[in-house]
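For reference, the structure discussed in these notes is given below.
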Amino acid sequence: MSLGPLLPRNVGGTRELQPNEAAELLRPISALYNVLPAQESTLREYLRVLIKRKWMVAAVIGGIFMAVAVASLRQTPIYEAVGQIVVNKLDPNLITFKDSTPVIDYYDQSDLDTEVRILQSDLMALQVIRQLNLDKRPEFGGHSDQKQANLVADPLQTDSNRTSALLGAFRRNLRVTLIPNTRIIEIHYTSTDPQLAAATVNALAATYVEQNFKTKFESTMQASDWLSKQLVDLQMKVETSQEKLVRYQKEHEILGMDEKQNIITEKLDELNKEMTAAESDRMEKEAVYRQTQSSDPEAVAAAIIGDTPSVEAGGGSGLLSKLREEQANLKIQIADLSTELGPSYPKVAQLNSQLKEVDRQLQSEINKGVDHLRQQYMTALQRETMLRGSFDKQKQEANKLNESAIEYSILKRDLDTNRTLYEGLLEKLKEAGVTAGLRSNNFRIINPARVPTSPSEPNIPRNLSFAALLGIISGVGLAFILENMDNTVRTPEQATALSALPSLGMIPLGSKSGNRGPTGARLALTASKEVVETVTQVRPQSQMAESYRALRTSLLLSNLGAPPKVIMVTSARPQEGKTTTSINTAIVLAQKGVRVLLMDADLRRPSIHKTLGMGPRSGLSNMLTGSATIQQTITPSPILANLFIMPAGTPPPNPAELLASSNMRDLIAELREMYDHIVIDTPPTLSVTDAVVLSPRADASILVIRSGQTTKQALRRSRDILMQVNAHVAGVLLNAVDLTSPDYYYYYEYQGKYGQYYHEEDADTNNDAEPKAV
């Protein structure tokens, strides 16, 4: 990405960007490149967490698996016996008739659910307990040597607590289910005794079938007794109804009521139809006649012409049409000639005479048509009157017949109803006598329970599978919970996301291996702890040294234009490795061949002179208080010829004020002219304010954090404190990174390709201690 369009310009040309302006320009660019890996690393992040917590996940899985396995093996075997009962479709009830609606081949679901509840009822349970003497068994709270229990003799008159305990124990082991989309009921019973489980299922099924048969038998006998009583009453009703009907026929001389009633009804229907037709005809002729009574000649003529019967009167309607046509033609001729020749012209007078004659004939024909229509209307009216009189007379006869027939029909219907009921009940009484002697039942045992050969509980394969699944879920869940509870910064990506600062790199931990060669032993004797603090000089081919050289590259390229001269190194909290970083950063800068000054600005706990094997001497504090000169405080380093050291000097009582003084500002300005780079080691930002007051005077500030130790809140707070004073923070350096941790599993590929490059050097010095955080 080109930065040309982002460079500020002025009228005179381009100007050099200040460090803070360059950082502001680079920050959105860095954020742009950080978005894409964040979107693609979700699965990789999950895998990293699982690899990191793999032993914890394995421990959880193993613990749950072993606990379930031990519990399953120690559990008492439980056997389950299963039996099946089929519920066939119901037969017709006893109180039905031959002509009634047939029973539909359908069984309501609620009926099947009712049967399931009956199998689970207390009555069925008590009968099975009584039959098998279950109250004597230890699992039901009894003893094998106890005498006949009162509960078995009469379960309704014994101790209610004992009864409830027995029923509760029985129900806990009983399970009755209905197989979906069938009429088959399954009975399950579990027990530690396989023979008892099978015997209980079979006893419950047999008791249920027998109880159902007894219920139906008792219902049949009750129906038979009721039918016998009803038959006596119905027989008396039939005889009484028949006597009333015969007496009524004799009194009203009714013979063949149905045939006679049909003849009168048919005649009445015919008269009604004829009267309706006559009324319609009369209304039609009346409408035509009324139209001829209007004063409009055109309407009268139209009524006469449109009347069909007028044709029968000598073709009057045709003549009338011809006269109207001739009249119209004469009027047209008269109008034309009058317009051309005038009304006094002889031809016009002749035509007027012809028109008058035509008008006379037309009026005569209209009068004849009107008389004819009136005659038709009067004839239709007379016919309608005659038919209405006949209809009224016939209706009176029908009403008289109906009055007699109503009572007759009531008496006959009463007789027929009583006779039908009597015959039906008599037939059902005979059927009830036959049904009572049959052991018919719509419940049947199709699969009696067999003695189970293997226990149903514990189901070891199922339990172990569930334990494995539960262990995986619990282990993975606990791993992510612990990962979310981890409040420390472990990777450069986390540091960049939390601080919104670029990552300057990461420094790996030193090797913890105990293997040491001759060269390693010699270095351990001569350098001791200083090996890690000066690793870039002692082990220039090691991974740690290469990491510091990568840090040097990041620093030199962090500013647009000239690289930073004054570099301040600080950390969030103590023991995060800022002093080690300061020393090695100064060494790798000096290895370029430029003059580098390493300044110890930690006036409270100075340590650079101890690390480099220098004794107490004058330093920065003496220079700032005026008790020493620059030449007295700067000492050439015994490591590199172009590396110079300014120790902290005598600890002052007011270090923050000294670092914020104008003497410090003038000193840095003077040292800029003397050295190419100045590396300043400062105290932690969250502990004291020394680094904060000094940071605005540095061209670049390095914020050092320790992997797995620095908290997220500390990193954010340190960043905010430095930004509040407009410090030029170049980025974050992640120190003491354990590359063998799953947090850096992606580093293994790099290590596999380039590990041999550092192998020889590491083999010589891999016995050194991990870096001491200062």
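Chain identifiers are assigned as A, B, and so on, following the order in which chains appear in the structure tokens; residues are numbered from 1 within each chain, and ligands are numbered from 1 in order of appearance.
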
TODO: Please identify which residues in region 344-475 of chain A DSSP calls strand (DSSP E) from the backbone, and express them as number ranges by chain.
DONE: A: 443-447

Export of the given selection (N, CA and C atoms) as a compact mmCIF listing (two decimals), in the first residue's frame:
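The resulting result_24.txt:
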```txt
# COMPACT_ATOMS: atom_id res chain seq x y z
N PHE A 443 -59.64 -58.45 24.60
CA PHE A 443 -58.28 -58.30 25.09
C PHE A 443 -57.62 -59.67 25.08
N ARG A 444 -56.38 -59.70 24.54
CA ARG A 444 -55.72 -60.99 24.40
C ARG A 444 -54.22 -60.82 24.62
N ILE A 445 -53.63 -61.77 25.34
CA ILE A 445 -52.17 -61.75 25.56
C ILE A 445 -51.51 -62.35 24.33
N ILE A 446 -50.72 -61.55 23.63
CA ILE A 446 -50.06 -62.05 22.41
C ILE A 446 -48.62 -62.47 22.67
N ASN A 447 -47.96 -61.83 23.65
CA ASN A 447 -46.57 -62.19 23.98
C ASN A 447 -46.43 -62.23 25.50
```

- [ ] Determine, counting only C-alpha atoms, which protein, DNA and RNA residues have an atom within 9 Å of an atom of Thr207 (chain A); residues of the same chain fewer than 5 positions away are not included. Present the result as a PyMOL selection string.
- [x] chain A and resi 124+127-128+202+212

Save the residues we just selected, all heavy atoms, as an mmCIF file, in the first residue's frame?
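Result file result-v4.cif:
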```cif
data_model
loop_
_atom_site.group_PDB
_atom_site.id
_atom_site.type_symbol
_atom_site.label_atom_id
_atom_site.label_comp_id
_atom_site.auth_asym_id
_atom_site.auth_seq_id
_atom_site.Cartn_x
_atom_site.Cartn_y
_atom_site.Cartn_z
ATOM 1 N N MET A 124 -55.500 -53.112 40.180
ATOM 2 C CA MET A 124 -54.723 -54.152 39.506
ATOM 3 C C MET A 124 -53.449 -54.457 40.290
ATOM 4 O O MET A 124 -53.059 -55.625 40.433
ATOM 5 C CB MET A 124 -54.374 -53.703 38.083
ATOM 6 C CG MET A 124 -55.577 -53.377 37.205
ATOM 7 S SD MET A 124 -56.652 -54.787 36.936
ATOM 8 C CE MET A 124 -55.546 -55.882 36.105
ATOM 9 N N GLN A 127 -54.187 -56.603 43.389
ATOM 10 C CA GLN A 127 -54.498 -57.995 43.048
ATOM 11 C C GLN A 127 -53.229 -58.776 42.719
ATOM 12 O O GLN A 127 -53.083 -59.947 43.107
ATOM 13 C CB GLN A 127 -55.472 -58.030 41.872
ATOM 14 C CG GLN A 127 -56.874 -57.541 42.223
ATOM 15 C CD GLN A 127 -57.824 -57.674 41.059
ATOM 16 O OE1 GLN A 127 -57.488 -58.277 40.045
ATOM 17 N NE2 GLN A 127 -59.025 -57.124 41.206
ATOM 18 N N VAL A 128 -52.283 -58.161 41.996
ATOM 19 C CA VAL A 128 -51.024 -58.845 41.684
ATOM 20 C C VAL A 128 -50.211 -59.056 42.955
ATOM 21 O O VAL A 128 -49.595 -60.119 43.155
ATOM 22 C CB VAL A 128 -50.232 -58.038 40.637
ATOM 23 C CG1 VAL A 128 -48.850 -58.656 40.411
ATOM 24 C CG2 VAL A 128 -50.995 -57.973 39.328
ATOM 25 N N ASN A 202 -46.666 -61.372 33.748
ATOM 26 C CA ASN A 202 -47.694 -62.343 33.345
ATOM 27 C C ASN A 202 -48.906 -62.296 34.276
ATOM 28 O O ASN A 202 -50.062 -62.406 33.826
ATOM 29 C CB ASN A 202 -47.102 -63.749 33.336
ATOM 30 C CG ASN A 202 -46.074 -63.910 32.222
ATOM 31 O OD1 ASN A 202 -46.178 -63.268 31.180
ATOM 32 N ND2 ASN A 202 -45.071 -64.755 32.438
ATOM 33 N N ASN A 212 -61.329 -57.883 32.841
ATOM 34 C CA ASN A 212 -62.124 -57.348 31.739
ATOM 35 C C ASN A 212 -63.289 -58.275 31.400
ATOM 36 O O ASN A 212 -64.416 -57.820 31.142
ATOM 37 C CB ASN A 212 -61.223 -57.126 30.527
ATOM 38 C CG ASN A 212 -61.953 -56.533 29.353
ATOM 39 O OD1 ASN A 212 -62.427 -57.267 28.487
ATOM 40 N ND2 ASN A 212 -62.043 -55.214 29.303
#
```

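Take the candidates A:Gly318, A:Pro455, A:Gly389, A:Pro606 and check each one against Gln75 (chain A) using only C-alpha atoms; the shortest distance goes to A:Pro455.
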
- [ ] Just the residues within 9 Å of Gly62 (chain A), please, counting only C-alpha atoms, with nothing from its chain fewer than 4 positions along; format it as an MDAnalysis selection string.
- [x] chainID A and resid 57:58 66:67 468 471

Task: Picked from region 111-217 of chain A by DSSP as helix (DSSP H, G or I), as a ChimeraX atom specification - done: /A:111-119,122-132,134-136,138-140,150-153,160-173,194-217

TODO: Please provide as a PyMOL selection string all residues within 12 Å of Ser121 (chain A), with the sequence filter that same-chain residues fewer than 2 positions apart are discarded (counting only C-alpha atoms).
DONE: chain A and resi 114-119+123-128+167-168+170-171+174-176+204+208

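The gap separating CA of Ser662 (chain A) from CA of Ala727 (chain A) is 17.7 Å, in Å to one decimal.
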
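Candidate residues A:Leu134, A:Ile583, A:Leu504, A:Val535 were compared for distance to Ala199 (chain A), and the nearest is A:Leu134, using only C-alpha atoms.
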
- [ ] Extract, using only C-alpha atoms, all DNA, RNA and protein residues at most 7 Å from Ile78 (chain A), discarding same-chain residues fewer than 5 positions from it, and format them as a ChimeraX atom specification.
- [x] /A:190-192,455-457

Selected residues, N, CA, C and O atoms, written as a PDB file, in the first residue's frame, please.
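The result, written out as again_11.pdb:
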```pdb
ATOM      1  N   THR A 190     -39.384 -54.226  36.182  1.00  0.00           N
ATOM      2  CA  THR A 190     -37.970 -54.406  36.488  1.00  0.00           C
ATOM      3  C   THR A 190     -37.828 -54.907  37.914  1.00  0.00           C
ATOM      4  O   THR A 190     -38.560 -54.484  38.831  1.00  0.00           O
ATOM      5  N   SER A 191     -36.840 -55.793  38.090  1.00  0.00           N
ATOM      6  CA  SER A 191     -36.573 -56.352  39.416  1.00  0.00           C
ATOM      7  C   SER A 191     -35.178 -56.954  39.409  1.00  0.00           C
ATOM      8  O   SER A 191     -34.630 -57.287  38.347  1.00  0.00           O
ATOM      9  N   THR A 192     -34.627 -57.091  40.608  1.00  0.00           N
ATOM     10  CA  THR A 192     -33.327 -57.750  40.710  1.00  0.00           C
ATOM     11  C   THR A 192     -33.453 -59.257  40.515  1.00  0.00           C
ATOM     12  O   THR A 192     -32.448 -59.930  40.292  1.00  0.00           O
ATOM     13  N   PRO A 455     -29.207 -58.619  32.198  1.00  0.00           N
ATOM     14  CA  PRO A 455     -29.774 -57.449  32.890  1.00  0.00           C
ATOM     15  C   PRO A 455     -29.976 -56.276  31.928  1.00  0.00           C
ATOM     16  O   PRO A 455     -29.215 -56.081  30.977  1.00  0.00           O
ATOM     17  N   SER A 456     -31.000 -55.484  32.188  1.00  0.00           N
ATOM     18  CA  SER A 456     -31.222 -54.259  31.419  1.00  0.00           C
ATOM     19  C   SER A 456     -30.469 -53.075  32.005  1.00  0.00           C
ATOM     20  O   SER A 456     -30.161 -52.117  31.309  1.00  0.00           O
ATOM     21  N   GLU A 457     -30.192 -53.152  33.300  1.00  0.00           N
ATOM     22  CA  GLU A 457     -29.411 -52.132  33.983  1.00  0.00           C
ATOM     23  C   GLU A 457     -28.401 -52.832  34.882  1.00  0.00           C
ATOM     24  O   GLU A 457     -28.756 -53.823  35.544  1.00  0.00           O
TER      25      GLU A 457
END
```

- [ ] Grab the CA of Ser224 (chain A) to CA of Val87 (chain A) distance for me, in Å with one decimal place.
- [x] 25.6 Å

May I have the residues within 7 Å of region 698-706 of chain A as a PDB file with N, CA and C atoms, in the first residue's frame, using only C-alpha atoms and disregarding those fewer than 2 positions away in the same chain?
```pdb
ATOM      1  N   PRO A  19       7.138  11.792  14.493  1.00  0.00           N
ATOM      2  CA  PRO A  19       6.889  10.391  14.887  1.00  0.00           C
ATOM      3  C   PRO A  19       5.444  10.125  15.240  1.00  0.00           C
ATOM      4  N   PRO A 564      14.437   6.328  14.539  1.00  0.00           N
ATOM      5  CA  PRO A 564      14.449   7.015  15.838  1.00  0.00           C
ATOM      6  C   PRO A 564      15.829   6.983  16.467  1.00  0.00           C
ATOM      7  N   LYS A 565      16.194   8.117  17.054  1.00  0.00           N
ATOM      8  CA  LYS A 565      17.473   8.193  17.755  1.00  0.00           C
ATOM      9  C   LYS A 565      17.310   7.838  19.233  1.00  0.00           C
ATOM     10  N   VAL A 566      16.353   8.447  19.879  1.00  0.00           N
ATOM     11  CA  VAL A 566      16.140   8.221  21.308  1.00  0.00           C
ATOM     12  C   VAL A 566      15.037   7.167  21.456  1.00  0.00           C
ATOM     13  N   ILE A 567      15.374   6.027  22.002  1.00  0.00           N
ATOM     14  CA  ILE A 567      14.457   4.898  22.148  1.00  0.00           C
ATOM     15  C   ILE A 567      14.292   4.621  23.631  1.00  0.00           C
ATOM     16  N   MET A 568      13.078   4.750  24.118  1.00  0.00           N
ATOM     17  CA  MET A 568      12.789   4.489  25.527  1.00  0.00           C
ATOM     18  C   MET A 568      12.157   3.106  25.661  1.00  0.00           C
ATOM     19  N   VAL A 569      12.610   2.329  26.627  1.00  0.00           N
ATOM     20  CA  VAL A 569      12.094   0.994  26.897  1.00  0.00           C
ATOM     21  C   VAL A 569      11.442   1.001  28.274  1.00  0.00           C
ATOM     22  N   THR A 570      10.170   0.611  28.320  1.00  0.00           N
ATOM     23  CA  THR A 570       9.452   0.545  29.592  1.00  0.00           C
ATOM     24  C   THR A 570       8.536  -0.675  29.583  1.00  0.00           C
ATOM     25  N   SER A 571       7.872  -0.908  30.697  1.00  0.00           N
ATOM     26  CA  SER A 571       6.954  -2.046  30.811  1.00  0.00           C
ATOM     27  C   SER A 571       5.766  -1.613  31.664  1.00  0.00           C
ATOM     28  N   ALA A 572       4.760  -2.490  31.714  1.00  0.00           N
ATOM     29  CA  ALA A 572       3.594  -2.169  32.526  1.00  0.00           C
ATOM     30  C   ALA A 572       3.871  -2.370  34.006  1.00  0.00           C
ATOM     31  N   GLU A 576       9.083  -7.856  33.992  1.00  0.00           N
ATOM     32  CA  GLU A 576       8.573  -8.195  32.660  1.00  0.00           C
ATOM     33  C   GLU A 576       9.672  -8.176  31.598  1.00  0.00           C
ATOM     34  N   LYS A 578      12.147  -5.595  30.827  1.00  0.00           N
ATOM     35  CA  LYS A 578      12.471  -4.371  30.093  1.00  0.00           C
ATOM     36  C   LYS A 578      13.979  -4.106  30.084  1.00  0.00           C
ATOM     37  N   SER A 695       8.783   9.915  28.503  1.00  0.00           N
ATOM     38  CA  SER A 695       8.382   9.378  27.204  1.00  0.00           C
ATOM     39  C   SER A 695       8.181  10.427  26.111  1.00  0.00           C
ATOM     40  N   PRO A 696       7.665  11.647  26.385  1.00  0.00           N
ATOM     41  CA  PRO A 696       7.515  12.602  25.281  1.00  0.00           C
ATOM     42  C   PRO A 696       8.827  13.031  24.646  1.00  0.00           C
ATOM     43  N   GLY A 708       1.896 -14.377  29.400  1.00  0.00           N
ATOM     44  CA  GLY A 708       1.336 -15.179  30.477  1.00  0.00           C
ATOM     45  C   GLY A 708       1.434 -14.533  31.832  1.00  0.00           C
ATOM     46  N   GLN A 709       1.936 -13.283  31.925  1.00  0.00           N
ATOM     47  CA  GLN A 709       2.070 -12.611  33.219  1.00  0.00           C
ATOM     48  C   GLN A 709       1.392 -11.245  33.207  1.00  0.00           C
ATOM     49  N   THR A 710       1.601 -10.471  32.174  1.00  0.00           N
ATOM     50  CA  THR A 710       0.985  -9.145  32.079  1.00  0.00           C
ATOM     51  C   THR A 710      -0.513  -9.298  31.835  1.00  0.00           C
ATOM     52  N   HIS A 728       5.409   8.828  21.916  1.00  0.00           N
ATOM     53  CA  HIS A 728       5.521   8.208  20.597  1.00  0.00           C
ATOM     54  C   HIS A 728       5.767   6.712  20.789  1.00  0.00           C
ATOM     55  N   VAL A 729       4.669   5.970  21.019  1.00  0.00           N
ATOM     56  CA  VAL A 729       4.784   4.542  21.283  1.00  0.00           C
ATOM     57  C   VAL A 729       4.929   3.812  19.947  1.00  0.00           C
ATOM     58  N   ALA A 730       6.073   3.173  19.765  1.00  0.00           N
ATOM     59  CA  ALA A 730       6.311   2.450  18.512  1.00  0.00           C
ATOM     60  C   ALA A 730       5.519   1.160  18.444  1.00  0.00           C
ATOM     61  N   GLY A 731       5.290   0.527  19.581  1.00  0.00           N
ATOM     62  CA  GLY A 731       4.540  -0.713  19.572  1.00  0.00           C
ATOM     63  C   GLY A 731       4.760  -1.503  20.847  1.00  0.00           C
ATOM     64  N   VAL A 732       4.274  -2.752  20.810  1.00  0.00           N
ATOM     65  CA  VAL A 732       4.328  -3.643  21.963  1.00  0.00           C
ATOM     66  C   VAL A 732       5.292  -4.772  21.649  1.00  0.00           C
ATOM     67  N   LEU A 733       6.136  -5.104  22.636  1.00  0.00           N
ATOM     68  CA  LEU A 733       7.062  -6.229  22.504  1.00  0.00           C
ATOM     69  C   LEU A 733       6.651  -7.294  23.514  1.00  0.00           C
ATOM     70  N   LEU A 734       6.377  -8.500  23.007  1.00  0.00           N
ATOM     71  CA  LEU A 734       5.965  -9.608  23.864  1.00  0.00           C
ATOM     72  C   LEU A 734       7.208 -10.393  24.262  1.00  0.00           C
ATOM     73  N   ASN A 735       7.501 -10.423  25.530  1.00  0.00           N
ATOM     74  CA  ASN A 735       8.731 -11.018  26.039  1.00  0.00           C
ATOM     75  C   ASN A 735       8.433 -12.364  26.699  1.00  0.00           C
ATOM     76  N   ALA A 736       9.491 -13.188  26.826  1.00  0.00           N
ATOM     77  CA  ALA A 736       9.433 -14.478  27.526  1.00  0.00           C
ATOM     78  C   ALA A 736       8.346 -15.379  26.950  1.00  0.00           C
TER      79      ALA A 736
END
```

- [ ] For Asp392 (chain A), list every protein, DNA or RNA residue within 12 Å, evaluated using only C-alpha atoms, and leave out those in the same chain fewer than 2 positions away; present the list as a ChimeraX atom specification.
- [x] /A:267-269,271-272,275,385-390,394-399

Open item on the list: What's the separation between CA of Asn367 (chain A) and CA of Lys322 (chain A), in Å to one decimal place?
Closed with: 16.1 Å
